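Quick notes on the structure that follows.
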Amino acid sequence: MRITRRSMIAGAALAPFLARSRVARAQNWPSGIIKIVVPFPPGGTVDPIARLVQTGLQQRLGATIVIENKSGGSGSAGTASVAKSAPDGNTWLFVFDTHAVNPFLQNLPFDTVKDLDPVVLIGTAPNVLATHPSRPYKTFADVTEAAKAKPDTLTYASVGSGSVGHLTMVQLTKRAGIKMVHVPYRGGGPAMNDAIAGHVDFIIGSAALVMPQLSAATIRPILQTGKTRMPTLPAVPNAIESGFADFESYAWWGVFAPAGTPKPVNERFGNALLETLREPGISKQISENLQVTMLLGGPEEEAKFLKTQMDLWGPVVQENNIKGE
């Protein structure tokens, strides 16, 4: 395409108009229904967080908030729909840890960094390996012994291929010198249902996912992956104590917007979300019931965190030739 002096002058003349138009849209926001896309089915951990903040956001923004579950591709299907949405402040995305891994698993129709703007880093939680109460395994040493006796027979569920839970098990089994069968699901709800039913030997998931079932004794914990033991699971050793030096892994939750969403709109939505998350009742439910360590970081913190997660888990995907769904 040939750029002429006339087109440059026309573009320069148009720029102030476009800037004023963006400012006007930001000043008139919100207008219409605001949609929060949860790229997983109900029953996991992203969906309940979105629904916990729905009412508070409606009150603070004075707009109707609807939640759309759009699962598939370990979260990439719903994420793609947001990345392609108009940056008008009417579409937002709540993500899970797969957000940082999907670029290495799939040929995505969007750029994870360039096509989405960070809004809020909600928090993190360690992963927990648990088993059905009918199974004999009490420690990871028990798991290792059984897996060495019968390689490729023990099964474990995760919330999806390439999820941080899955990659955690890839690293743990490799370091333990064992082979297990991975059974990926389309979200935490379906994975947990099969774990409770005993259709798989183990489930690896965030503390947010497994804690309600641990409390109900429908599954039994074996190992956790935080740097220190969880206060709610003081008797359950972490990976470091189980013989895996310096091993940590965390699930995480965050919020993004289509790239180019006006900064004032991004800030207003983010501030309304942070205020809602700080409400004592909501904060308690997320911290205690879902076992999430609340970080409540803004766009800069979320962008930095996303980079660290991509740098950490991307090589694991590539070195082990892991494929997405």
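Identifiers in the structure tokens: chain A, B, ... in order shown; residue index from 1 per chain; ligand index from 1 in order shown.
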
Segment 92-308 of chain A: residues DSSP assigns to strand (DSSP E or B), reported as a PyMOL selection string: chain A and resi 92-95+116-131+155-158+181-184+202-206+220-224+238+250-258+293-297

Those same residues - N, CA and C atoms - I'd like them written as a short mmCIF file (atom, residue, chain, number, x, y, z; two decimals), in the first residue's frame.
```cif
data_model
loop_
_atom_site.label_atom_id
_atom_site.label_comp_id
_atom_site.auth_asym_id
_atom_site.auth_seq_id
_atom_site.Cartn_x
_atom_site.Cartn_y
_atom_site.Cartn_z
N TRP A 92 -15.91 -8.63 29.02
CA TRP A 92 -14.76 -8.85 29.90
C TRP A 92 -14.53 -10.35 30.04
N LEU A 93 -13.33 -10.71 30.39
CA LEU A 93 -12.93 -12.11 30.43
C LEU A 93 -12.34 -12.48 31.79
N PHE A 94 -12.90 -13.53 32.41
CA PHE A 94 -12.33 -14.07 33.65
C PHE A 94 -11.57 -15.34 33.28
N VAL A 95 -10.29 -15.42 33.64
CA VAL A 95 -9.47 -16.55 33.20
C VAL A 95 -8.92 -17.37 34.36
N LEU A 116 -5.29 -8.80 24.27
CA LEU A 116 -6.06 -8.68 25.51
C LEU A 116 -5.33 -7.75 26.47
N ASP A 117 -6.07 -6.86 27.08
CA ASP A 117 -5.49 -5.93 28.06
C ASP A 117 -5.70 -6.46 29.47
N PRO A 118 -4.67 -6.46 30.31
CA PRO A 118 -4.84 -6.89 31.70
C PRO A 118 -5.70 -5.91 32.49
N VAL A 119 -6.46 -6.44 33.42
CA VAL A 119 -7.35 -5.60 34.24
C VAL A 119 -7.07 -5.83 35.73
N VAL A 120 -7.28 -7.06 36.20
CA VAL A 120 -7.10 -7.37 37.62
C VAL A 120 -6.52 -8.78 37.78
N LEU A 121 -5.50 -8.90 38.62
CA LEU A 121 -5.00 -10.21 39.04
C LEU A 121 -5.68 -10.52 40.36
N ILE A 122 -6.59 -11.49 40.35
CA ILE A 122 -7.40 -11.77 41.54
C ILE A 122 -6.58 -12.47 42.62
N GLY A 123 -5.97 -13.60 42.30
CA GLY A 123 -5.20 -14.30 43.32
C GLY A 123 -4.69 -15.65 42.85
N THR A 124 -4.08 -16.38 43.77
CA THR A 124 -3.49 -17.68 43.45
C THR A 124 -3.89 -18.71 44.51
N ALA A 125 -3.65 -19.97 44.19
CA ALA A 125 -3.86 -21.06 45.15
C ALA A 125 -2.96 -22.22 44.76
N PRO A 126 -2.40 -22.94 45.72
CA PRO A 126 -1.59 -24.10 45.37
C PRO A 126 -2.46 -25.19 44.77
N ASN A 127 -1.83 -26.10 44.07
CA ASN A 127 -2.53 -27.27 43.56
C ASN A 127 -2.48 -28.38 44.61
N VAL A 128 -3.47 -29.25 44.55
CA VAL A 128 -3.54 -30.37 45.50
C VAL A 128 -3.80 -31.66 44.72
N LEU A 129 -3.03 -32.69 45.03
CA LEU A 129 -3.26 -34.02 44.48
C LEU A 129 -4.09 -34.80 45.48
N ALA A 130 -5.21 -35.35 45.03
CA ALA A 130 -6.10 -36.08 45.94
C ALA A 130 -6.55 -37.38 45.28
N THR A 131 -7.07 -38.30 46.09
CA THR A 131 -7.51 -39.60 45.60
C THR A 131 -8.87 -39.95 46.17
N THR A 155 -4.45 -43.51 36.96
CA THR A 155 -5.01 -42.39 36.20
C THR A 155 -5.20 -41.17 37.08
N TYR A 156 -5.04 -40.00 36.47
CA TYR A 156 -5.33 -38.76 37.21
C TYR A 156 -6.08 -37.79 36.30
N ALA A 157 -7.05 -37.12 36.90
CA ALA A 157 -7.86 -36.14 36.18
C ALA A 157 -7.27 -34.75 36.37
N SER A 158 -7.45 -33.91 35.37
CA SER A 158 -7.12 -32.49 35.48
C SER A 158 -8.21 -31.69 34.81
N VAL A 181 -1.35 -42.12 33.71
CA VAL A 181 -2.23 -41.78 32.58
C VAL A 181 -3.01 -40.52 32.91
N HIS A 182 -2.86 -39.52 32.05
CA HIS A 182 -3.57 -38.27 32.23
C HIS A 182 -4.95 -38.35 31.58
N VAL A 183 -5.97 -37.93 32.34
CA VAL A 183 -7.34 -37.88 31.81
C VAL A 183 -7.82 -36.44 31.88
N PRO A 184 -7.74 -35.70 30.77
CA PRO A 184 -8.15 -34.28 30.79
C PRO A 184 -9.66 -34.12 30.70
N PHE A 202 -6.90 -40.46 40.75
CA PHE A 202 -6.50 -39.21 41.39
C PHE A 202 -7.11 -38.02 40.66
N ILE A 203 -7.08 -36.89 41.32
CA ILE A 203 -7.38 -35.61 40.67
C ILE A 203 -6.33 -34.62 41.12
N ILE A 204 -5.83 -33.83 40.18
CA ILE A 204 -4.92 -32.73 40.50
C ILE A 204 -5.67 -31.44 40.16
N GLY A 205 -5.82 -30.58 41.13
CA GLY A 205 -6.56 -29.35 40.90
C GLY A 205 -6.20 -28.31 41.95
N SER A 206 -6.65 -27.11 41.71
CA SER A 206 -6.37 -26.03 42.66
C SER A 206 -7.05 -26.33 43.99
N ARG A 220 -9.56 -37.69 49.27
CA ARG A 220 -8.55 -37.61 50.34
C ARG A 220 -7.27 -36.98 49.79
N PRO A 221 -6.71 -35.97 50.48
CA PRO A 221 -5.52 -35.29 49.98
C PRO A 221 -4.25 -36.12 50.16
N ILE A 222 -3.33 -35.93 49.23
CA ILE A 222 -2.05 -36.63 49.28
C ILE A 222 -0.88 -35.65 49.34
N LEU A 223 -0.97 -34.59 48.54
CA LEU A 223 0.16 -33.66 48.42
C LEU A 223 -0.35 -32.31 47.97
N GLN A 224 0.32 -31.25 48.41
CA GLN A 224 0.00 -29.90 47.96
C GLN A 224 1.26 -29.26 47.39
N ASN A 238 3.81 -30.69 51.47
CA ASN A 238 3.92 -30.09 50.15
C ASN A 238 4.92 -30.90 49.32
N TYR A 250 1.14 -23.07 41.21
CA TYR A 250 -0.05 -22.37 41.68
C TYR A 250 -1.07 -22.18 40.56
N ALA A 251 -2.31 -22.39 40.90
CA ALA A 251 -3.40 -21.97 40.02
C ALA A 251 -3.56 -20.47 40.22
N TRP A 252 -4.17 -19.79 39.25
CA TRP A 252 -4.40 -18.35 39.41
C TRP A 252 -5.62 -17.91 38.62
N TRP A 253 -6.14 -16.76 39.01
CA TRP A 253 -7.36 -16.22 38.41
C TRP A 253 -7.13 -14.75 38.09
N GLY A 254 -7.62 -14.33 36.93
CA GLY A 254 -7.45 -12.94 36.54
C GLY A 254 -8.54 -12.49 35.60
N VAL A 255 -8.49 -11.20 35.27
CA VAL A 255 -9.51 -10.58 34.40
C VAL A 255 -8.81 -9.79 33.31
N PHE A 256 -9.32 -9.95 32.07
CA PHE A 256 -8.78 -9.24 30.92
C PHE A 256 -9.91 -8.60 30.12
N ALA A 257 -9.51 -7.68 29.23
CA ALA A 257 -10.47 -7.00 28.35
C ALA A 257 -9.92 -7.04 26.93
N PRO A 258 -10.77 -6.85 25.93
CA PRO A 258 -10.26 -6.76 24.56
C PRO A 258 -9.24 -5.63 24.45
N THR A 293 -5.50 -17.15 47.70
CA THR A 293 -4.74 -16.06 48.32
C THR A 293 -4.98 -14.81 47.48
N MET A 294 -5.69 -13.85 48.04
CA MET A 294 -6.08 -12.67 47.28
C MET A 294 -4.87 -11.77 47.05
N LEU A 295 -4.56 -11.49 45.79
CA LEU A 295 -3.47 -10.59 45.44
C LEU A 295 -4.00 -9.21 45.06
N LEU A 296 -5.11 -9.17 44.36
CA LEU A 296 -5.80 -7.93 43.98
C LEU A 296 -4.85 -6.93 43.33
N GLY A 297 -4.14 -7.41 42.32
CA GLY A 297 -3.23 -6.55 41.59
C GLY A 297 -3.89 -5.90 40.40
#
```

Nearby residues (only C-alpha atoms) at most 10 Å from Leu172 of chain A, same-chain spacing under 3 positions excluded, as an NGL selection string: :A and (140 or 166-169 or 175-178 or 239 or 243-244 or 247)

For atom CA of Phe96 of chain A and atom CA of Gly75 of chain A, the interatomic separation in Å (one decimal): 7.8 Å

Exercise: Met211 of chain A partners within 8 Å, only C-alpha atoms, chain neighbours under 3 positions left out, as a PyMOL selection string: chain A and resi 207-208+214-215+289-291

Interatomic distance, atom CA of Leu105 of chain A to atom CA of Phe40 of chain A (Å, one decimal):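 Going from atom CA of Leu105 of chain A over to atom CA of Phe40 of chain A, I get 17.1 Å.
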